[in-house]
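J.: Got a structure for you, run-v2.txt, holding compact mmCIF, C-alpha atoms.
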```txt
# COMPACT_ATOMS: atom_id res chain seq x y z
CA MET A 1 21.78 16.04 -26.39
CA LEU A 2 23.88 18.81 -27.80
CA GLN A 3 27.47 18.32 -28.74
CA LEU A 4 30.05 19.49 -31.23
CA LYS A 5 28.44 20.61 -34.49
CA SER A 6 24.88 20.68 -33.14
CA MET A 7 22.86 23.54 -34.59
CA LEU A 8 20.56 25.44 -32.26
CA ASN A 9 18.09 28.26 -32.53
CA CYS A 10 18.96 31.38 -30.63
CA ILE A 11 15.82 32.78 -29.06
CA ASP A 12 17.00 36.08 -27.64
CA ASN A 13 17.31 39.46 -29.33
CA SER A 14 21.11 39.46 -29.41
CA GLY A 15 21.00 39.25 -33.20
CA ALA A 16 21.93 35.61 -33.71
CA ALA A 17 19.37 33.33 -35.31
CA ILE A 18 21.15 30.02 -35.66
CA VAL A 19 24.28 29.03 -33.77
CA GLU A 20 26.50 25.97 -33.82
CA CYS A 21 27.77 24.29 -30.69
CA VAL A 22 31.55 23.95 -30.60
CA MET A 23 32.07 22.92 -26.99
CA VAL A 24 30.21 21.89 -23.86
CA VAL A 25 31.60 23.80 -20.91
CA GLY A 26 32.56 22.01 -17.74
CA GLN A 27 31.56 18.46 -18.56
CA LYS A 28 32.63 15.67 -20.84
CA ARG A 29 29.21 14.63 -22.02
CA HIS A 30 26.46 16.11 -24.12
CA ALA A 31 24.69 19.29 -23.00
CA SER A 32 21.10 19.39 -21.79
CA ILE A 33 18.80 22.14 -20.57
CA GLY A 34 20.64 24.55 -18.30
CA ASP A 35 24.11 23.57 -19.48
CA ARG A 36 26.61 26.08 -20.72
CA ILE A 37 28.05 25.70 -24.20
CA VAL A 38 30.32 27.64 -26.52
CA VAL A 39 28.74 28.50 -29.86
CA VAL A 40 29.60 30.07 -33.19
CA VAL A 41 27.00 32.37 -34.70
CA GLN A 42 26.09 30.92 -38.08
CA LYS A 43 23.19 33.06 -39.14
CA GLN A 44 22.26 36.56 -38.16
CA ARG A 45 18.75 37.66 -37.58
CA GLY A 46 17.62 40.19 -40.16
CA ALA A 47 17.04 43.67 -38.82
CA HIS A 48 13.61 43.77 -40.39
CA ALA A 49 12.51 40.68 -38.52
CA GLU A 50 13.31 42.23 -35.17
CA GLY A 51 11.71 45.60 -35.84
CA MET A 52 13.15 49.05 -35.47
CA SER A 53 13.47 49.06 -31.70
CA ALA A 54 15.63 45.98 -31.61
CA SER A 55 17.84 46.96 -34.52
CA SER A 56 20.48 48.31 -32.17
CA ASN A 57 20.51 44.99 -30.33
CA ALA A 58 20.79 43.13 -33.60
CA THR A 59 24.36 44.37 -33.99
CA LYS A 60 25.50 42.83 -30.72
CA VAL A 61 26.73 39.66 -32.34
CA LYS A 62 27.80 38.99 -35.91
CA ARG A 63 28.17 35.93 -38.02
CA GLY A 64 31.31 34.04 -37.01
CA ASP A 65 31.36 35.32 -33.44
CA ILE A 66 32.26 32.85 -30.72
CA ARG A 67 30.06 33.23 -27.68
CA HIS A 68 28.89 31.35 -24.63
CA ALA A 69 25.29 30.23 -24.43
CA VAL A 70 22.86 28.41 -22.18
CA VAL A 71 20.70 25.64 -23.56
CA VAL A 72 17.05 26.35 -22.79
CA ARG A 73 15.19 23.74 -24.87
CA THR A 74 16.13 20.32 -26.17
CA ARG A 75 14.54 17.80 -28.43
CA GLN A 76 15.82 15.09 -26.16
CA ASN A 77 13.53 14.12 -23.28
CA VAL A 78 14.54 15.58 -19.97
CA THR A 79 13.38 13.59 -16.97
CA ARG A 80 12.29 15.43 -13.88
CA ARG A 81 12.57 14.20 -10.35
CA ASP A 82 8.93 13.23 -10.09
CA GLY A 83 9.13 10.98 -13.14
CA SER A 84 7.58 13.39 -15.61
CA ASN A 85 9.38 14.04 -18.84
CA ILE A 86 9.56 17.08 -21.06
CA LYS A 87 10.63 17.40 -24.64
CA PHE A 88 10.48 20.30 -27.05
CA ASP A 89 10.29 20.34 -30.80
CA ASP A 90 13.58 22.18 -31.23
CA ASN A 91 16.93 22.88 -29.62
CA ALA A 92 17.32 26.44 -28.46
CA CYS A 93 19.76 28.55 -26.50
CA VAL A 94 20.29 32.03 -25.13
CA LEU A 95 23.61 33.82 -25.60
CA ILE A 96 25.46 34.94 -22.49
CA ASN A 97 28.75 36.66 -21.82
CA LYS A 98 31.64 35.16 -19.89
CA ALA A 99 30.19 36.37 -16.60
CA GLY A 100 26.93 34.56 -17.27
CA ASP A 101 24.69 37.55 -17.97
CA PRO A 102 22.49 37.34 -21.06
CA ILE A 103 23.63 39.40 -24.07
CA GLY A 104 20.15 40.07 -25.35
CA THR A 105 17.50 41.93 -23.41
CA ARG A 106 14.53 39.84 -24.35
CA ILE A 107 13.67 36.20 -24.86
CA ASN A 108 10.91 35.12 -27.18
CA GLY A 109 9.81 31.62 -26.54
CA ILE A 110 9.37 29.05 -23.86
CA VAL A 111 12.29 27.83 -21.75
CA GLY A 112 12.65 24.69 -19.69
CA GLN A 113 12.14 24.75 -15.96
CA GLU A 114 15.44 22.99 -15.40
CA LEU A 115 17.07 26.42 -15.56
CA ARG A 116 15.76 27.02 -12.07
CA THR A 117 17.71 24.18 -10.57
CA LYS A 118 20.77 25.20 -12.56
CA LYS A 119 20.54 28.74 -11.15
CA TRP A 120 19.89 30.69 -14.36
CA SER A 121 17.42 32.99 -12.68
CA LYS A 122 18.17 35.96 -14.95
CA ILE A 123 17.21 34.00 -18.04
CA LEU A 124 14.13 32.64 -16.30
CA SER A 125 12.96 36.12 -15.36
CA MET A 126 13.39 37.29 -18.96
CA ALA A 127 11.50 34.37 -20.43
CA PRO A 128 7.80 34.88 -21.23
CA MET A 129 6.92 31.40 -19.99
CA GLN A 130 8.52 28.25 -18.75
CA ALA A 131 7.52 24.62 -18.92
CA MET B 132 52.94 -9.86 22.33
CA ASN B 133 52.92 -12.09 19.32
CA THR B 134 51.49 -15.06 21.18
CA ALA B 135 48.13 -13.52 21.90
CA PRO B 136 46.61 -13.83 18.40
CA HIS B 137 47.98 -17.36 18.10
CA SER B 138 46.26 -18.40 21.26
CA LEU B 139 43.02 -16.89 20.05
CA ARG B 140 43.06 -18.44 16.62
CA PRO B 141 42.00 -22.03 17.46
CA LEU B 142 39.00 -20.70 19.30
CA GLY B 143 38.04 -18.67 16.24
CA CYS B 144 38.30 -21.75 14.07
CA LEU B 145 36.06 -23.64 16.41
CA LYS B 146 33.51 -20.86 16.30
CA ALA B 147 33.46 -20.80 12.52
CA GLY B 148 33.18 -24.56 12.34
CA LEU B 149 30.33 -24.66 14.79
CA ARG B 150 28.51 -21.98 12.90
CA GLN B 151 28.85 -23.86 9.67
CA ALA B 152 27.59 -27.05 11.25
CA ARG B 153 24.60 -25.24 12.64
CA GLN B 154 23.71 -23.82 9.27
CA GLN B 155 24.12 -27.18 7.61
CA ARG B 156 21.83 -28.74 10.15
CA ALA B 157 19.21 -26.10 9.59
CA LEU B 158 19.36 -26.64 5.85
CA LEU B 159 19.09 -30.39 6.28
CA CYS B 160 16.06 -29.98 8.50
CA ARG B 161 14.42 -27.78 5.92
CA GLN B 162 14.91 -30.33 3.17
CA MET B 163 13.46 -33.18 5.14
CA ALA B 164 10.57 -31.35 6.64
CA THR B 165 7.09 -32.22 5.55
CA THR B 166 5.26 -33.79 8.47
CA THR B 167 7.59 -32.72 11.21
CA SER B 168 7.20 -29.08 10.48
CA SER B 169 6.21 -28.22 14.03
CA THR B 170 9.69 -28.42 15.45
CA ILE B 171 11.19 -26.33 12.68
CA SER B 172 8.52 -23.70 12.85
CA SER B 173 9.11 -23.32 16.57
CA SER B 174 12.83 -22.98 15.99
CA SER B 175 12.33 -20.39 13.31
CA GLN B 176 9.91 -18.41 15.41
CA THR B 177 12.36 -18.28 18.26
CA ALA B 178 14.81 -16.61 15.95
CA PRO B 179 17.40 -18.46 13.92
CA ASP B 180 20.25 -18.72 16.39
CA HIS B 181 23.17 -17.66 14.32
CA GLY B 182 25.58 -15.09 15.46
CA PHE B 183 24.33 -12.25 13.25
CA TYR B 184 22.36 -9.34 14.55
CA LYS B 185 18.63 -9.74 14.53
CA ILE B 186 15.96 -7.36 13.37
CA THR B 187 12.42 -7.40 14.68
CA ASP B 188 9.90 -7.10 11.91
CA PRO B 189 7.73 -4.11 12.89
CA LYS B 190 4.56 -5.67 11.48
CA THR B 191 4.68 -9.27 12.59
CA GLN B 192 6.86 -8.74 15.65
CA ARG B 193 8.98 -11.69 14.61
CA LEU B 194 12.69 -11.76 14.44
CA ARG B 195 14.05 -11.30 11.00
CA SER B 196 17.54 -11.55 9.73
CA ALA B 197 19.26 -11.62 6.41
CA PHE B 198 20.05 -15.31 6.87
CA ALA B 199 16.89 -16.50 8.54
CA VAL B 200 15.50 -19.86 7.47
CA TYR B 201 11.74 -19.86 7.41
CA SER B 202 9.77 -23.03 7.95
CA PRO B 203 7.58 -24.45 5.18
CA SER B 204 4.52 -23.88 7.34
CA ALA B 205 5.21 -20.16 7.36
CA ILE B 206 5.55 -20.17 3.58
CA ALA B 207 2.40 -22.21 3.18
CA THR B 208 0.23 -19.47 4.64
CA SER B 209 0.19 -17.73 1.27
CA PRO B 210 -2.33 -19.35 -1.07
CA SER B 211 0.04 -19.54 -4.02
CA ALA B 212 2.48 -21.72 -2.07
CA LEU B 213 -0.33 -23.90 -0.73
CA ALA B 214 -1.05 -25.68 -3.97
CA PRO B 215 2.17 -27.70 -4.27
CA LEU B 216 1.83 -28.73 -0.63
CA ILE B 217 -1.60 -30.23 -1.13
CA GLN B 218 -0.68 -32.06 -4.28
CA PRO B 219 1.61 -34.80 -2.84
CA SER B 220 -0.41 -35.25 0.33
CA THR B 221 -0.78 -38.98 -0.28
CA SER B 222 2.89 -39.70 0.20
CA SER B 223 4.28 -37.98 3.24
CA ASN B 224 7.55 -39.88 3.27
CA PRO B 225 10.83 -38.03 2.66
CA SER B 226 11.08 -39.25 -0.94
CA GLY B 227 7.74 -37.62 -1.65
CA ALA B 228 9.01 -34.47 -0.07
CA LEU B 229 12.05 -34.51 -2.30
CA ALA B 230 9.87 -35.08 -5.33
CA ARG B 231 7.78 -32.13 -4.29
CA LEU B 232 10.84 -29.97 -4.05
CA ILE B 233 11.87 -30.86 -7.56
CA VAL B 234 8.48 -30.86 -9.23
CA SER B 235 6.99 -27.80 -7.54
CA PRO B 236 6.00 -25.34 -10.28
CA ALA B 237 7.50 -21.88 -10.50
CA SER B 238 5.68 -19.35 -8.35
CA PRO B 239 3.41 -16.99 -10.29
CA ASP B 240 4.75 -13.62 -11.36
CA PRO B 241 4.76 -11.49 -8.20
CA LEU B 242 4.90 -8.18 -10.05
CA PRO B 243 1.17 -7.75 -10.82
CA ALA B 244 0.33 -8.26 -7.17
CA LEU B 245 2.96 -5.73 -6.20
CA HIS B 246 1.59 -3.23 -8.70
CA GLN B 247 -1.89 -3.74 -7.29
CA VAL B 248 -0.66 -2.99 -3.79
CA GLN B 249 1.21 0.08 -4.95
CA ILE B 250 -1.73 1.37 -6.98
CA LYS B 251 -4.00 0.85 -4.01
CA ARG B 252 -1.67 2.97 -1.94
CA MET B 253 -1.20 5.76 -4.48
CA ASP B 254 -4.83 5.84 -5.59
CA PRO B 255 -7.10 4.85 -2.69
CA THR B 256 -10.26 6.20 -4.34
CA GLY B 257 -9.59 4.47 -7.65
CA ALA B 258 -10.27 7.66 -9.60
CA ARG B 259 -6.98 7.63 -11.45
CA THR B 260 -7.37 4.01 -12.43
CA ALA B 261 -10.91 4.65 -13.61
CA LEU B 262 -9.87 7.65 -15.68
CA PHE B 263 -7.52 5.57 -17.77
CA ALA B 264 -9.31 2.25 -17.66
CA LYS B 265 -10.40 0.75 -20.96
CA THR B 266 -14.02 1.81 -20.63
CA ARG B 267 -16.28 4.10 -22.58
CA HIS B 268 -16.17 6.93 -20.09
CA ALA B 269 -12.44 6.86 -19.62
CA ALA B 270 -9.99 9.22 -21.24
CA ARG B 271 -8.66 7.97 -24.54
CA VAL B 272 -5.90 8.79 -26.90
CA GLY B 273 -6.79 11.90 -28.86
CA ASP B 274 -8.61 13.64 -26.04
CA VAL B 275 -7.44 16.99 -24.81
CA LEU B 276 -6.39 16.61 -21.19
CA MET B 277 -5.25 19.07 -18.59
CA VAL B 278 -2.88 18.09 -15.80
CA THR B 279 -2.79 20.19 -12.65
CA HIS B 280 0.36 20.04 -10.63
CA ARG B 281 0.39 20.04 -6.87
CA ARG B 282 3.42 22.32 -6.80
CA GLY B 283 1.40 25.12 -8.33
CA GLY B 284 2.32 26.66 -11.61
CA GLU B 285 0.29 26.73 -14.77
CA PRO B 286 -1.63 23.51 -15.46
CA PHE B 287 -0.35 21.74 -18.56
CA ALA B 288 -2.95 21.00 -21.20
CA GLY B 289 -2.43 19.07 -24.39
CA VAL B 290 -3.61 16.36 -26.70
CA CYS B 291 -3.06 12.91 -25.28
CA ILE B 292 -0.84 11.25 -27.86
CA SER B 293 -0.30 7.98 -26.08
CA ILE B 294 -1.06 6.14 -22.87
CA ARG B 295 1.68 3.87 -21.62
CA ARG B 296 -0.05 1.26 -19.51
CA ALA B 297 2.48 -0.28 -17.16
CA GLY B 298 0.92 -0.87 -13.76
CA ILE B 299 2.06 1.72 -11.29
CA ASP B 300 4.22 3.37 -13.95
CA THR B 301 1.25 4.13 -16.19
CA ALA B 302 1.89 7.45 -17.89
CA ILE B 303 0.32 9.73 -20.46
CA LEU B 304 1.99 11.80 -23.15
CA LEU B 305 0.51 15.24 -23.74
CA ARG B 306 1.41 17.49 -26.62
CA ASN B 307 0.77 21.18 -26.94
CA HIS B 308 2.23 24.25 -28.59
CA MET B 309 3.58 26.98 -26.37
CA GLY B 310 4.76 30.05 -28.18
CA LYS B 311 5.15 28.42 -31.60
CA VAL B 312 7.18 25.54 -30.18
CA GLY B 313 5.76 22.09 -29.67
CA VAL B 314 6.07 20.79 -26.12
CA GLU B 315 5.48 17.21 -25.07
CA MET B 316 5.22 16.01 -21.52
CA TRP B 317 4.98 12.60 -19.96
CA TYR B 318 3.05 12.45 -16.72
CA LYS B 319 2.79 9.49 -14.42
CA ILE B 320 -0.88 9.20 -13.56
CA TYR B 321 -0.30 7.74 -10.09
CA ASN B 322 2.11 10.51 -9.17
CA LYS B 323 1.02 12.31 -6.01
CA ASN B 324 2.31 15.56 -7.50
CA VAL B 325 -0.31 15.26 -10.21
CA ALA B 326 -3.21 16.84 -8.36
CA GLY B 327 -5.76 16.44 -11.12
CA ILE B 328 -6.28 15.28 -14.68
CA GLU B 329 -9.25 16.76 -16.46
CA ILE B 330 -10.77 15.90 -19.79
CA VAL B 331 -11.09 19.20 -21.60
CA LYS B 332 -12.35 17.89 -24.90
CA ARG B 333 -13.03 14.46 -26.21
CA ARG B 334 -12.02 13.40 -29.65
CA ALA B 335 -15.00 13.39 -31.98
CA LYS B 336 -14.24 9.95 -33.33
CA ARG B 337 -12.29 7.19 -31.71
CA ALA B 338 -8.68 7.23 -32.80
CA ARG B 339 -7.78 4.17 -34.83
CA ARG B 340 -4.21 4.19 -33.58
CA ALA B 341 -2.93 3.49 -30.09
CA ARG B 342 -0.22 6.14 -30.36
CA LEU B 343 -0.89 9.26 -32.35
CA THR B 344 2.73 10.08 -33.05
CA TYR B 345 1.71 11.29 -36.47
CA MET B 346 0.40 14.38 -34.73
CA ARG B 347 3.99 15.56 -34.49
CA GLN B 348 4.02 16.09 -38.23
CA ALA B 349 3.16 19.57 -39.36
CA LYS B 350 0.35 18.24 -41.52
CA HIS B 351 -1.51 16.63 -38.65
CA ASP B 352 -0.41 18.86 -35.82
CA MET B 353 -3.24 20.20 -33.72
CA GLY B 354 -1.32 23.33 -32.72
CA SER B 355 -2.06 25.08 -29.50
CA VAL B 356 -4.97 23.81 -27.43
CA SER B 357 -5.13 26.99 -25.35
CA ASP B 358 -8.29 28.15 -27.15
CA ILE B 359 -10.06 24.90 -26.37
CA VAL B 360 -8.96 25.07 -22.76
CA PHE B 361 -10.07 28.67 -22.46
CA ALA B 362 -13.51 27.89 -23.84
CA TRP B 363 -13.81 24.88 -21.58
CA LYS B 364 -12.83 26.91 -18.51
CA LYS B 365 -15.61 29.34 -19.30
CA THR B 366 -18.19 26.57 -19.41
CA ARG B 367 -16.74 25.05 -16.27
CA LYS B 368 -17.37 28.27 -14.41
CA VAL B 369 -21.02 27.96 -15.32
CA MET B 370 -21.01 24.40 -14.06
CA THR B 371 -19.49 25.41 -10.75
CA THR B 372 -22.15 28.07 -10.15
CA ARG B 373 -24.68 25.29 -10.58
CA GLY B 374 -22.79 23.53 -7.87
CA GLY B 375 -21.55 20.03 -7.34
CA GLY B 376 -23.43 18.89 -4.22
CA GLY B 377 -26.66 20.83 -3.69
CA GLY B 378 -26.74 22.07 -7.25
CA GLY B 379 -30.45 22.76 -7.51
CA GLN B 380 -30.63 24.97 -4.49
CA ARG B 381 -27.70 27.05 -5.53
CA LEU B 382 -29.20 27.51 -8.95
CA VAL B 383 -32.31 28.92 -7.35
CA VAL B 384 -30.24 31.32 -5.32
CA VAL B 385 -28.43 32.51 -8.42
CA LEU B 386 -31.72 33.02 -10.22
CA ARG B 387 -33.20 35.06 -7.39
CA ARG B 388 -30.13 37.22 -7.21
CA ARG B 389 -30.34 37.89 -10.88
CA ARG B 390 -34.04 38.63 -10.78
CA ARG B 391 -33.36 41.41 -8.33
CA ARG B 392 -30.99 43.10 -10.73
CA GLY B 393 -33.76 44.28 -13.03
CA SER B 394 -33.71 44.71 -16.75
CA ARG B 395 -30.95 42.27 -17.57
CA SER B 396 -32.41 39.53 -15.44
CA ARG B 397 -34.57 37.93 -18.10
CA GLU B 398 -31.75 37.29 -20.55
CA MET B 399 -29.54 35.99 -17.81
CA ARG B 400 -32.17 33.61 -16.60
CA GLU B 401 -32.77 32.33 -20.06
CA GLY B 402 -29.06 31.89 -20.50
CA VAL B 403 -28.81 29.84 -17.35
CA GLY B 404 -31.81 27.75 -18.29
CA GLU B 405 -30.34 27.01 -21.67
CA ARG B 406 -27.05 25.97 -20.17
CA ARG B 407 -28.82 23.82 -17.67
CA GLY B 408 -30.70 22.07 -20.44
CA ARG B 409 -27.53 21.45 -22.32
CA GLY B 410 -25.92 19.99 -19.22
CA GLU B 411 -28.78 17.60 -18.65
CA GLY B 412 -28.62 16.50 -22.24
CA GLY B 413 -24.96 15.84 -21.81
CA VAL B 414 -25.30 13.67 -18.76
CA ASP B 415 -26.94 10.73 -20.45
CA GLY B 416 -24.92 11.12 -23.61
CA ASN B 417 -21.52 10.21 -22.24
CA ARG B 418 -19.68 12.60 -24.52
CA LEU B 419 -19.97 15.23 -21.80
CA CYS B 420 -16.59 16.56 -20.92
CA SER B 421 -16.00 15.56 -17.38
CA CYS B 422 -13.63 16.67 -14.73
CA TYR B 423 -11.64 14.42 -12.51
CA LEU B 424 -9.89 16.08 -9.62
CA PHE B 425 -8.21 13.82 -7.15
CA CYS B 426 -8.38 14.82 -3.55
```
Once more with this new file: its structure as structure tokens, please.
T.:
Amino acid sequence: MLQLKSMLNCIDNSGAAIVECVMVVGQKRHASIGDRIVVVVQKQRGAHAEGMSASSNATKVKRGDIRHAVVVRTRQNVTRRDGSNIKFDDNACVLINKAGDPIGTRINGIVGQELRTKKWSKILSMAPMQA
Amino acid sequence: MNTAPHSLRPLGCLKAGLRQARQQRALLCRQMATTTSSTISSSSQTAPDHGFYKITDPKTQRLRSAFAVYSPSAIATSPSALAPLIQPSTSSNPSGALARLIVSPASPDPLPALHQVQIKRMDPTGARTALFAKTRHAARVGDVLMVTHRRGGEPFAGVCISIRRAGIDTAILLRNHMGKVGVEMWYKIYNKNVAGIEIVKRRAKRARRARLTYMRQAKHDMGSVSDIVFAWKKTRKVMTTRGGGGGGQRLVVVLRRRRRRGSRSREMREGVGERRGRGEGGVDGNRLCSCYLFC
């Protein structure tokens, strides 16, 4: 249930750590897993946290940048077609460019399986696991 | 050209009027019917003769329609509706019938019966019901469960935080950590996509809460259960070599094979014997972690 002012974790290696939702793209309701949102980068990931190899990626976005992102985890329950429900302990997203390709090259953390139905196959293939 | 609809209209009126009269008559018959149910039942079985299209019920081969009026005798076949019929049997006059109509108690809640039918259909063996029944051997809140999905994919394991008992909608809430993030999933236990629910580890002591939502707090969080599941899978492999059906025979075969291998055989045999002993000990103590796979 992400909307204006919602704060999310960014789980890719684009360099953003915490982003704020400023718009939900293409719909007039709150965003869920697999929905596209526009975010402002609020906190950058420290270069030391990423390690030396990722330090070049860490400069991809800076604090105050406005980017598009895909929601990959929500605290709100997401109901599946077979009646099962999934809920995560945090809200998380992955930054993408306007064309829909991910900005980072790696995703650390689990992503929701709803991305498959929403056709985010690139993000799914980058993710270490999905639930 | 204009005259044609005018000429048709009186006929249409007549048709509507006749239809209404017919329906009224049917209703009247239904109200008065106690002893003279035979005539009404015959009329209802030969299809209510209104002008709507008729559907044949595939099971009973009787005509059904959205506006069909069923006779009291047909209703009385169900035991729940029988009771009010028997009660005023002394007075079979129309006033008694009217009194019966007014006094008749509300029919019992049909939902439990419906749930029973649905559960019977979704769980013919009764394994799912037994797994979450309120018995000693059943899975309880606080146990570590693993749900296998029919669509493939990794089975989801987690601590059972709560069991929502609601007939056919009965569901369990499992919580686990996957890559530092807590994940909770609700599973309907009668879902056909849920191929199996296995008890990986039982809680040492019975939980004194029905819903362990406090396990979401960092202080009480169990963290990832993957270690427990991994250890359990290892022991399960041992169990499967012992075999489900003709377990004893297979054990012998395994032993012989290992004896042939030479120097290592003795340790292996001892290992198997020890495991076997542990298994036997676990059978009578019901704390043995059991596996329920639905086929």
J.: With a distance threshold of 10 Å and counting only C-alpha atoms, extract the residues of chain B near chain A and express them as a list in words.
T.: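 In the required form, that comes to Gly284, Glu285, Pro286, Phe287, Asp300, Ala302, Ile303, Leu304, Leu305, Arg306, Asn307, His308, Met309, Gly310, Lys311, Val312, Gly313, Val314, Glu315, Met316, Trp317, Tyr318, Lys319, Ile320, Asn322, Lys323, Asn324, Val325 and Arg347 of chain B.
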J.: Up to 7 Å from (19.2, 19.4, -27.2) in the file's coordinates: name the residues, counting only C-alpha atoms, as a ChimeraX atom specification.
T.: /A:1-2,31-32,73-76,91
J.: Can you tell me how far atom CA of B:Pro255 sits from atom CA of B:Arg282, in Å to one decimal?
T.: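 Atom-to-atom, atom CA of B:Pro255 and atom CA of B:Arg282 are spaced 20.8 Å apart.
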J.: So that I can see what lies close to A:Ile123, please list as a list in words the residues with an atom at most 10 Å from it, counting all atoms listed in the file and leaving out residues fewer than 6 positions away in the same chain.
T.: Asp12, Val70, Val72, Val94, Leu95, Ile96, Gly100, Asp101, Pro102, Gly104, Thr105, Arg106, Ile107, Val111, Leu115 and Arg116 of chain A
J.: With distances taken over all atoms listed in the file, which of A:Glu114, A:Lys62, A:Arg45, A:Lys122 is nearest to A:Asn13?
T.: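 Among the listed residues, the smallest separation from A:Asn13 belongs to A:Arg45.
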J.: Just want the 10 Å neighbourhood of A:Val22, counted on only C-alpha atoms, with same-chain residues fewer than 3 positions away dropped. Output as a list of chain:residue names.
T.: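 Skipping anything fewer than 3 positions along the chain leaves A:Leu2, A:Gln3, A:Leu4, A:Lys5, A:Ser6, A:Met7, A:Val19, A:Val25, A:Ile37, A:Val38, A:Val39, A:Val40, A:Ile66, A:Arg67, A:His68.
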J.: Can you work out the spacing between atom CA of A:His30 and atom CA of A:Lys119 in Å, to one decimal?
T.: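 These two atoms are separated by 19.0 Å.
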J.: Which is closer to A:Gly34 than all the others in A:Val71, A:Ile103, A:Arg81, A:Ala92, using all atoms listed in the file?
T.: A:Val71
J.: Suppose you want the space between atom CA of B:Lys368 and atom CA of B:Thr279; what is it in Å?
T.: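 So the answer is 16.8 Å.
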J.: Restricting the calculation to only C-alpha atoms: of B:Ile294, B:Leu245, B:Ala237, B:Ala326, which residue gets closest to B:Ala270?
T.: B:Ile294
J.: Check the smallest atom-to-atom distance from each of B:Gln247, B:Ile330, B:Tyr321, B:Met253 to B:Arg271 using only C-alpha atoms, then report the winner.
T.: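 Closest residue, counting only C-alpha atoms: B:Ile330.
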J.: Smallest atom-to-atom distance to B:Asp358: which of B:His280, B:His246, B:Lys332, B:Arg153, using all atoms listed in the file?
T.: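 Nearest to B:Asp358: B:Lys332.
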